[in-house]
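**Q** What follows is start-v1.tsv, made up of TSV, C-alpha atoms:
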```tsv
chain	number	residue	atom	x	y	z
A	787	MET	CA	0.00	0.00	0.00
A	788	SER	CA	1.35	3.45	-0.79
A	789	GLY	CA	1.98	5.76	2.14
A	790	GLY	CA	-0.49	8.46	3.03
A	791	THR	CA	-3.65	6.74	1.84
A	792	HIS	CA	-6.31	5.36	4.15
A	793	LEU	CA	-7.13	1.69	4.51
A	794	GLU	CA	-10.52	0.53	3.24
A	795	ASN	CA	-10.64	-2.16	5.92
A	796	ALA	CA	-8.54	-0.72	8.75
A	797	ASN	CA	-9.31	-3.54	11.23
A	798	PRO	CA	-9.63	-6.80	9.30
A	799	VAL	CA	-10.48	-10.06	11.03
A	800	ILE	CA	-7.44	-12.33	11.13
A	801	PHE	CA	-8.03	-16.07	10.78
A	802	GLN	CA	-5.98	-19.08	11.85
A	803	ARG	CA	-3.73	-20.47	9.13
A	804	THR	CA	-4.12	-23.97	7.75
A	805	GLY	CA	-1.38	-26.25	9.05
A	806	GLU	CA	1.41	-27.63	6.94
A	807	ARG	CA	0.50	-30.74	4.99
A	808	LEU	CA	2.75	-33.74	5.46
A	809	GLN	CA	3.95	-35.21	2.19
A	810	THR	CA	3.51	-38.93	1.61
A	811	ALA	CA	6.30	-41.04	0.13
A	812	THR	CA	4.26	-41.38	-3.07
A	813	GLU	CA	3.90	-37.59	-3.36
A	814	GLU	CA	7.64	-37.10	-2.89
A	815	ASP	CA	8.60	-39.76	-5.45
A	816	GLU	CA	9.16	-37.92	-8.75
A	817	ASP	CA	8.90	-41.20	-10.71
A	818	ILE	CA	5.27	-41.79	-9.69
A	819	HIS	CA	2.49	-39.79	-11.38
A	820	ASP	CA	0.75	-37.83	-8.67
A	821	PRO	CA	-2.29	-35.86	-9.86
A	822	ILE	CA	-2.45	-32.27	-8.64
A	823	ASP	CA	-5.23	-31.88	-6.07
A	824	ASP	CA	-6.99	-28.98	-4.35
A	825	ARG	CA	-4.68	-29.02	-1.32
A	826	GLU	CA	-1.60	-28.86	-3.52
A	827	ILE	CA	-3.03	-25.79	-5.27
A	828	PHE	CA	-4.10	-24.25	-1.97
A	829	ASP	CA	-0.56	-24.71	-0.62
A	830	ILE	CA	0.63	-22.26	-3.31
A	831	LEU	CA	-1.78	-19.48	-2.24
A	832	PRO	CA	-1.12	-18.71	1.46
A	833	SER	CA	2.15	-16.96	0.69
A	834	ILE	CA	0.37	-14.26	-1.35
A	835	ASN	CA	0.28	-10.97	0.54
A	836	ASP	CA	-2.66	-8.63	0.86
A	837	PRO	CA	-1.92	-5.35	-0.96
A	838	GLU	CA	-3.11	-3.20	1.98
A	839	HIS	CA	-2.06	-5.09	5.09
A	840	PRO	CA	1.09	-6.89	6.25
A	841	LEU	CA	-0.98	-10.09	6.19
A	842	SER	CA	-1.41	-12.98	3.79
A	843	LEU	CA	-4.59	-13.76	1.86
A	844	GLU	CA	-4.95	-16.83	4.07
A	845	ASP	CA	-4.68	-14.72	7.25
A	846	LEU	CA	-7.64	-12.67	5.99
A	847	ASN	CA	-9.61	-15.72	4.80
A	848	VAL	CA	-9.58	-14.33	1.26
A	849	VAL	CA	-8.44	-17.76	0.06
A	850	GLU	CA	-9.66	-21.07	1.50
A	851	GLN	CA	-8.97	-24.64	0.47
A	852	ILE	CA	-12.71	-25.31	0.15
A	853	ARG	CA	-12.84	-22.73	-2.69
A	854	VAL	CA	-10.19	-24.50	-4.79
A	855	LYS	CA	-11.33	-26.89	-7.50
A	856	VAL	CA	-8.94	-28.97	-9.57
A	857	ASN	CA	-9.48	-31.33	-12.46
A	858	ASP	CA	-5.98	-32.65	-13.16
A	859	ALA	CA	-7.11	-34.84	-16.06
A	860	ALA	CA	-8.74	-31.87	-17.83
A	861	SER	CA	-5.93	-29.49	-16.70
A	862	ILE	CA	-8.34	-27.01	-15.09
A	863	VAL	CA	-7.84	-25.10	-11.83
A	864	GLY	CA	-10.63	-22.93	-10.43
A	865	ILE	CA	-10.16	-20.56	-7.50
A	866	GLU	CA	-12.81	-18.47	-5.79
A	867	PHE	CA	-11.55	-15.71	-3.52
A	868	THR	CA	-13.51	-13.65	-1.03
A	869	PRO	CA	-12.61	-9.97	-0.55
A	870	THR	CA	-12.73	-8.82	3.07
A	871	ILE	CA	-15.33	-6.12	2.30
A	872	PRO	CA	-18.01	-5.88	-0.44
A	873	HIS	CA	-16.54	-2.70	-1.95
A	874	CYS	CA	-12.87	-3.72	-1.90
A	875	SER	CA	-11.08	-1.66	-4.54
A	876	MET	CA	-8.19	-4.16	-4.47
A	877	ALA	CA	-10.28	-7.13	-5.64
A	878	THR	CA	-8.96	-7.09	-9.21
A	879	LEU	CA	-5.36	-6.76	-7.98
A	880	ILE	CA	-5.87	-9.65	-5.54
A	881	GLY	CA	-7.37	-11.83	-8.29
A	882	LEU	CA	-4.55	-10.90	-10.65
A	883	SER	CA	-1.96	-11.77	-7.99
A	884	ILE	CA	-3.59	-15.19	-7.45
A	885	LYS	CA	-3.67	-15.81	-11.20
A	886	VAL	CA	-0.03	-14.79	-11.69
A	887	LYS	CA	1.13	-16.93	-8.75
A	888	LEU	CA	-0.62	-19.96	-10.25
A	889	LEU	CA	0.64	-19.22	-13.78
A	890	ARG	CA	4.18	-19.09	-12.43
A	891	SER	CA	3.76	-22.21	-10.26
A	892	LEU	CA	1.82	-24.67	-12.42
A	893	PRO	CA	2.68	-26.44	-15.67
A	894	ASP	CA	1.57	-24.57	-18.82
A	895	ARG	CA	-1.08	-27.21	-19.54
A	896	PHE	CA	-3.40	-25.78	-16.87
A	897	LYS	CA	-6.24	-23.37	-17.60
A	898	ILE	CA	-6.60	-21.16	-14.55
A	899	ASP	CA	-9.95	-19.61	-13.64
A	900	VAL	CA	-9.83	-17.07	-10.81
A	901	HIS	CA	-13.03	-15.34	-9.75
A	902	ILE	CA	-14.77	-13.77	-6.78
A	903	THR	CA	-16.90	-15.94	-4.52
A	904	PRO	CA	-20.49	-15.31	-5.70
A	905	GLY	CA	-22.34	-12.64	-3.75
A	906	THR	CA	-19.30	-11.27	-1.88
A	907	HIS	CA	-18.41	-8.15	-3.88
A	908	ALA	CA	-20.40	-5.22	-5.28
A	909	SER	CA	-18.53	-5.33	-8.63
A	910	GLU	CA	-18.24	-9.10	-8.83
A	911	GLU	CA	-19.29	-9.38	-12.49
A	912	ALA	CA	-16.90	-6.65	-13.71
A	913	VAL	CA	-13.94	-8.03	-11.73
A	914	ASN	CA	-14.60	-11.59	-12.93
A	915	LYS	CA	-14.83	-10.36	-16.54
A	916	GLN	CA	-11.43	-8.65	-16.23
A	917	LEU	CA	-9.79	-11.70	-14.66
A	918	ALA	CA	-11.20	-14.03	-17.33
A	919	ASP	CA	-10.00	-11.88	-20.26
A	920	LYS	CA	-6.57	-13.17	-21.36
A	921	GLU	CA	-5.78	-10.00	-23.28
A	922	ARG	CA	-6.60	-7.74	-20.33
A	923	VAL	CA	-4.51	-9.88	-18.00
A	924	ALA	CA	-1.59	-9.84	-20.47
A	925	ALA	CA	-1.90	-6.06	-20.87
A	926	ALA	CA	-1.97	-5.60	-17.10
A	927	LEU	CA	1.21	-7.61	-16.75
A	928	GLU	CA	2.92	-5.45	-19.40
A	929	ASN	CA	2.29	-2.39	-17.21
A	930	SER	CA	5.53	-2.14	-15.20
A	931	SER	CA	3.91	-0.25	-12.30
A	932	LEU	CA	1.11	-2.79	-11.94
A	933	LEU	CA	3.53	-5.70	-12.32
A	934	GLU	CA	5.65	-4.23	-9.52
A	935	VAL	CA	2.61	-4.17	-7.20
A	936	VAL	CA	1.70	-7.77	-8.15
A	937	ASN	CA	5.29	-8.85	-7.48
A	938	GLN	CA	5.14	-7.18	-4.05
A	939	CYS	CA	2.04	-9.26	-3.28
A	940	LEU	CA	3.97	-12.37	-4.33
A	941	THR	CA	7.16	-11.58	-2.40
A	942	THR	CA	7.59	-13.80	0.64
A	943	ARG	CA	7.60	-11.75	3.82
A	944	SER	CA	9.37	-12.83	6.96
A	945	ILE	CA	6.97	-13.66	9.76
```
Before anything else, please render the file you have as structure tokens.
**A**
Amino acid sequence: MSGGTHLENANPVIFQRTGERLQTATEEDEDIHDPIDDREIFDILPSINDPEHPLSLEDLNVVEQIRVKVNDAASIVGIEFTPTIPHCSMATLIGLSIKVKLLRSLPDRFKIDVHITPGTHASEEAVNKQLADKERVAAALENSSLLEVVNQCLTTRSI
């Protein structure tokens, strides 16, 4: 967040983080085909930072494992995220950060669908339309200022 501006949600509710998942021997064996599942996708998301607070999207319950859907065979990943307030002006940036993190983390074969949890944002339809438009996403990522903000959301912070 840039200095001198006010926070839209100055006192967000902070949620308990999901614990670390223990890897099975089969999951660790690179020679065995292990389909990507919802927990594996969810494990990518908690490290994404909120653009306004020194908290992660998981801390704010913006991302939850229950809102991750994966079809490994069809190479489709769907993520619903829930902004902390219905008029969150950062919703598109948060969705873009989630999409970029997944694009950078998953094999190219995956189609990634990121959208707002239905009924949780005043501009849900407009934000979802932007996030679903490949050309708009590509154009956003060509904007060096916007890309810098996305990269800040994706930078691992020390706890």
**Q** If you take all atoms listed in the file and a cut-off of 9 Å, which residues of region 814-896 of chain A touch region 902-911 of chain A, and what are their nearest atom pairs and distances in Å to one decimal, in chain and number order, as JSON lines?
**A**
```
{"residue": "A:Arg853", "atom": "CA", "partner": "A:Thr903", "partner_atom": "CA", "distance": 8.1}
{"residue": "A:Ile865", "atom": "CA", "partner": "A:Ile902", "partner_atom": "CA", "distance": 8.2}
{"residue": "A:Glu866", "atom": "CA", "partner": "A:Thr903", "partner_atom": "CA", "distance": 5.0}
{"residue": "A:Phe867", "atom": "CA", "partner": "A:Ile902", "partner_atom": "CA", "distance": 5.0}
{"residue": "A:Thr868", "atom": "CA", "partner": "A:Thr903", "partner_atom": "CA", "distance": 5.4}
{"residue": "A:Pro869", "atom": "CA", "partner": "A:His907", "partner_atom": "CA", "distance": 6.9}
{"residue": "A:Thr870", "atom": "CA", "partner": "A:Thr906", "partner_atom": "CA", "distance": 8.6}
{"residue": "A:Ile871", "atom": "CA", "partner": "A:His907", "partner_atom": "CA", "distance": 7.2}
{"residue": "A:Pro872", "atom": "CA", "partner": "A:His907", "partner_atom": "CA", "distance": 4.1}
{"residue": "A:His873", "atom": "CA", "partner": "A:Ala908", "partner_atom": "CA", "distance": 5.7}
{"residue": "A:Cys874", "atom": "CA", "partner": "A:His907", "partner_atom": "CA", "distance": 7.4}
{"residue": "A:Ala877", "atom": "CA", "partner": "A:Ile902", "partner_atom": "CA", "distance": 8.1}
{"residue": "A:Gly881", "atom": "CA", "partner": "A:Ile902", "partner_atom": "CA", "distance": 7.8}
```
**Q** Report, in Å to a single decimal, how far apart CA of Cys939 (chain A) and CA of Ser842 (chain A) are.
**A**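 So the two atoms, CA of Ser842 (chain A) and CA of Cys939 (chain A), lie 8.7 Å apart.
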**Q** I'd like to know which of A:Ile822, A:Ala859, A:Asn835, A:Thr878 is closest to Arg922 (chain A), using all atoms listed in the file.
**A**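 Checking each candidate against Arg922 (chain A), we get A:Thr878 as the closest.
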**Q** For CA of Ser931 (chain A) and CA of Phe896 (chain A), determine how far apart the two atoms are, in Å to one decimal place.
**A**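 Here the two named atoms are 26.9 Å from each other.
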**Q** Between CA of Leu843 (chain A) and CA of Arg895 (chain A), what distance in Å does the model show, to one decimal?
**A**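 Result for CA of Leu843 (chain A) versus CA of Arg895 (chain A): 25.5 Å, one decimal.
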**Q** Have a look at A:Ile884, A:Asp858, A:Leu927, A:Val848 and name the one nearest to Asp820 (chain A); count only C-alpha atoms.
**A** A:Asp858
**Q** Pick out the closest residue to Leu879 (chain A) from this set: A:Asp845, A:Asp823, A:Asp829, A:Asp836. Count only C-alpha atoms.
**A**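 For Leu879 (chain A), the nearest of the candidates is A:Asp836.
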**Q** Determine the nearest neighbour of Pro837 (chain A) from the options A:Leu917, A:Thr942, A:Met876, A:Ala912, counting only C-alpha atoms.
**A**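 Nearest to Pro837 (chain A): A:Met876.
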**Q** Which is closer to Ser891 (chain A) than all the others in A:Leu933, A:Leu940, A:Leu841, A:Val913, using all atoms listed in the file?
**A**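 Once distances to Ser891 (chain A) are computed over all atoms listed in the file, the minimum belongs to A:Leu940.
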**Q** Can you tell me, as a list in words, what residues are no more than 10 Å from Leu932 (chain A) when counting all atoms listed in the file, ignoring any on the same chain fewer than 6 positions away?
**A**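 Here the answer would be Leu879, Leu882, Ala925, Ala926 and Gln938 of chain A.
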**Q** Out of A:Asn857, A:Ser875, A:Ile862, A:Glu844, which residue has the shortest atom-to-atom distance to Leu888 (chain A) when counting only C-alpha atoms?
**A** A:Ile862
**Q** Write out as a PyMOL selection string each polymer residue whose atoms come within 10 Å of Glu826 (chain A), counting all atoms listed in the file; drop sequence neighbours fewer than 2 positions from it.
**A** chain A and resi 807+821-824+828-831+851+854+856
**Q** Have region 845-856 of chain A completed to all heavy atoms, please, and pass it along as a PDB file, in the frame of the given file.
**A**
```
ATOM      1  N   ASP A 845      -4.412 -15.356   5.950  1.00  0.00           N
ATOM      2  CA  ASP A 845      -4.680 -14.720   7.250  1.00  0.00           C
ATOM      3  C   ASP A 845      -6.037 -14.017   7.247  1.00  0.00           C
ATOM      4  O   ASP A 845      -6.716 -13.962   8.263  1.00  0.00           O
ATOM      5  CB  ASP A 845      -3.612 -13.670   7.585  1.00  0.00           C
ATOM      6  CG  ASP A 845      -2.246 -14.248   7.879  1.00  0.00           C
ATOM      7  OD1 ASP A 845      -2.171 -15.415   8.324  1.00  0.00           O
ATOM      8  OD2 ASP A 845      -1.248 -13.527   7.658  1.00  0.00           O
ATOM      9  N   LEU A 846      -6.400 -13.445   6.102  1.00  0.00           N
ATOM     10  CA  LEU A 846      -7.640 -12.670   5.990  1.00  0.00           C
ATOM     11  C   LEU A 846      -8.815 -13.507   5.488  1.00  0.00           C
ATOM     12  O   LEU A 846      -9.906 -12.981   5.278  1.00  0.00           O
ATOM     13  CB  LEU A 846      -7.407 -11.479   5.050  1.00  0.00           C
ATOM     14  CG  LEU A 846      -6.367 -10.476   5.560  1.00  0.00           C
ATOM     15  CD1 LEU A 846      -6.039  -9.465   4.477  1.00  0.00           C
ATOM     16  CD2 LEU A 846      -6.854  -9.791   6.823  1.00  0.00           C
ATOM     17  N   ASN A 847      -8.586 -14.802   5.279  1.00  0.00           N
ATOM     18  CA  ASN A 847      -9.610 -15.720   4.800  1.00  0.00           C
ATOM     19  C   ASN A 847     -10.109 -15.356   3.393  1.00  0.00           C
ATOM     20  O   ASN A 847     -11.222 -15.689   3.016  1.00  0.00           O
ATOM     21  CB  ASN A 847     -10.784 -15.792   5.778  1.00  0.00           C
ATOM     22  CG  ASN A 847     -11.358 -17.179   5.884  1.00  0.00           C
ATOM     23  OD1 ASN A 847     -10.643 -18.160   5.781  1.00  0.00           O
ATOM     24  ND2 ASN A 847     -12.656 -17.266   6.087  1.00  0.00           N
ATOM     25  N   VAL A 848      -9.256 -14.671   2.647  1.00  0.00           N
ATOM     26  CA  VAL A 848      -9.580 -14.330   1.260  1.00  0.00           C
ATOM     27  C   VAL A 848      -9.499 -15.596   0.400  1.00  0.00           C
ATOM     28  O   VAL A 848     -10.274 -15.779  -0.534  1.00  0.00           O
ATOM     29  CB  VAL A 848      -8.638 -13.221   0.732  1.00  0.00           C
ATOM     30  CG1 VAL A 848      -8.823 -12.981  -0.757  1.00  0.00           C
ATOM     31  CG2 VAL A 848      -8.869 -11.919   1.513  1.00  0.00           C
ATOM     32  N   VAL A 849      -8.547 -16.470   0.729  1.00  0.00           N
ATOM     33  CA  VAL A 849      -8.440 -17.760   0.060  1.00  0.00           C
ATOM     34  C   VAL A 849      -8.654 -18.870   1.078  1.00  0.00           C
ATOM     35  O   VAL A 849      -8.203 -18.776   2.217  1.00  0.00           O
ATOM     36  CB  VAL A 849      -7.069 -17.951  -0.656  1.00  0.00           C
ATOM     37  CG1 VAL A 849      -6.922 -16.984  -1.808  1.00  0.00           C
ATOM     38  CG2 VAL A 849      -5.903 -17.829   0.301  1.00  0.00           C
ATOM     39  N   GLU A 850      -9.372 -19.914   0.655  1.00  0.00           N
ATOM     40  CA  GLU A 850      -9.660 -21.070   1.500  1.00  0.00           C
ATOM     41  C   GLU A 850      -9.563 -22.326   0.646  1.00  0.00           C
ATOM     42  O   GLU A 850      -9.930 -22.297  -0.539  1.00  0.00           O
ATOM     43  CB  GLU A 850     -11.086 -21.019   2.048  1.00  0.00           C
ATOM     44  CG  GLU A 850     -11.433 -19.806   2.878  1.00  0.00           C
ATOM     45  CD  GLU A 850     -12.910 -19.805   3.197  1.00  0.00           C
ATOM     46  OE1 GLU A 850     -13.276 -20.385   4.242  1.00  0.00           O
ATOM     47  OE2 GLU A 850     -13.680 -19.241   2.405  1.00  0.00           O
ATOM     48  N   GLN A 851      -9.104 -23.398   1.225  1.00  0.00           N
ATOM     49  CA  GLN A 851      -8.970 -24.640   0.470  1.00  0.00           C
ATOM     50  C   GLN A 851     -10.316 -25.093  -0.112  1.00  0.00           C
ATOM     51  O   GLN A 851     -10.372 -25.594  -1.231  1.00  0.00           O
ATOM     52  CB  GLN A 851      -8.374 -25.746   1.331  1.00  0.00           C
ATOM     53  CG  GLN A 851      -8.161 -27.034   0.543  1.00  0.00           C
ATOM     54  CD  GLN A 851      -7.530 -28.134   1.364  1.00  0.00           C
ATOM     55  OE1 GLN A 851      -6.996 -27.883   2.443  1.00  0.00           O
ATOM     56  NE2 GLN A 851      -7.587 -29.347   0.855  1.00  0.00           N
ATOM     57  N   ILE A 852     -11.388 -24.875   0.609  1.00  0.00           N
ATOM     58  CA  ILE A 852     -12.710 -25.310   0.150  1.00  0.00           C
ATOM     59  C   ILE A 852     -13.120 -24.621  -1.167  1.00  0.00           C
ATOM     60  O   ILE A 852     -13.966 -25.107  -1.895  1.00  0.00           O
ATOM     61  CB  ILE A 852     -13.769 -25.097   1.251  1.00  0.00           C
ATOM     62  CG1 ILE A 852     -15.032 -25.878   0.929  1.00  0.00           C
ATOM     63  CG2 ILE A 852     -14.062 -23.621   1.454  1.00  0.00           C
ATOM     64  CD1 ILE A 852     -15.986 -25.971   2.086  1.00  0.00           C
ATOM     65  N   ARG A 853     -12.511 -23.494  -1.485  1.00  0.00           N
ATOM     66  CA  ARG A 853     -12.840 -22.730  -2.690  1.00  0.00           C
ATOM     67  C   ARG A 853     -11.875 -23.007  -3.839  1.00  0.00           C
ATOM     68  O   ARG A 853     -11.809 -22.249  -4.797  1.00  0.00           O
ATOM     69  CB  ARG A 853     -12.872 -21.249  -2.363  1.00  0.00           C
ATOM     70  CG  ARG A 853     -13.849 -20.945  -1.241  1.00  0.00           C
ATOM     71  CD  ARG A 853     -14.567 -19.654  -1.420  1.00  0.00           C
ATOM     72  NE  ARG A 853     -15.530 -19.415  -0.365  1.00  0.00           N
ATOM     73  CZ  ARG A 853     -16.763 -19.908  -0.351  1.00  0.00           C
ATOM     74  NH1 ARG A 853     -17.189 -20.656  -1.330  1.00  0.00           N
ATOM     75  NH2 ARG A 853     -17.585 -19.647   0.651  1.00  0.00           N
ATOM     76  N   VAL A 854     -11.115 -24.085  -3.733  1.00  0.00           N
ATOM     77  CA  VAL A 854     -10.190 -24.500  -4.790  1.00  0.00           C
ATOM     78  C   VAL A 854     -10.743 -25.756  -5.439  1.00  0.00           C
ATOM     79  O   VAL A 854     -11.077 -26.718  -4.753  1.00  0.00           O
ATOM     80  CB  VAL A 854      -8.787 -24.802  -4.200  1.00  0.00           C
ATOM     81  CG1 VAL A 854      -7.848 -25.331  -5.273  1.00  0.00           C
ATOM     82  CG2 VAL A 854      -8.207 -23.566  -3.529  1.00  0.00           C
ATOM     83  N   LYS A 855     -10.853 -25.726  -6.754  1.00  0.00           N
ATOM     84  CA  LYS A 855     -11.330 -26.890  -7.500  1.00  0.00           C
ATOM     85  C   LYS A 855     -10.300 -27.250  -8.558  1.00  0.00           C
ATOM     86  O   LYS A 855      -9.846 -26.376  -9.309  1.00  0.00           O
ATOM     87  CB  LYS A 855     -12.675 -26.607  -8.189  1.00  0.00           C
ATOM     88  CG  LYS A 855     -13.770 -26.142  -7.242  1.00  0.00           C
ATOM     89  CD  LYS A 855     -14.169 -27.205  -6.254  1.00  0.00           C
ATOM     90  CE  LYS A 855     -15.274 -26.727  -5.337  1.00  0.00           C
ATOM     91  NZ  LYS A 855     -15.071 -27.021  -3.964  1.00  0.00           N
ATOM     92  N   VAL A 856      -9.943 -28.517  -8.618  1.00  0.00           N
ATOM     93  CA  VAL A 856      -8.940 -28.970  -9.570  1.00  0.00           C
ATOM     94  C   VAL A 856      -9.455 -30.175 -10.332  1.00  0.00           C
ATOM     95  O   VAL A 856     -10.016 -31.099  -9.741  1.00  0.00           O
ATOM     96  CB  VAL A 856      -7.617 -29.369  -8.856  1.00  0.00           C
ATOM     97  CG1 VAL A 856      -6.590 -29.860  -9.860  1.00  0.00           C
ATOM     98  CG2 VAL A 856      -7.075 -28.217  -8.053  1.00  0.00           C
TER      99      VAL A 856
END
```
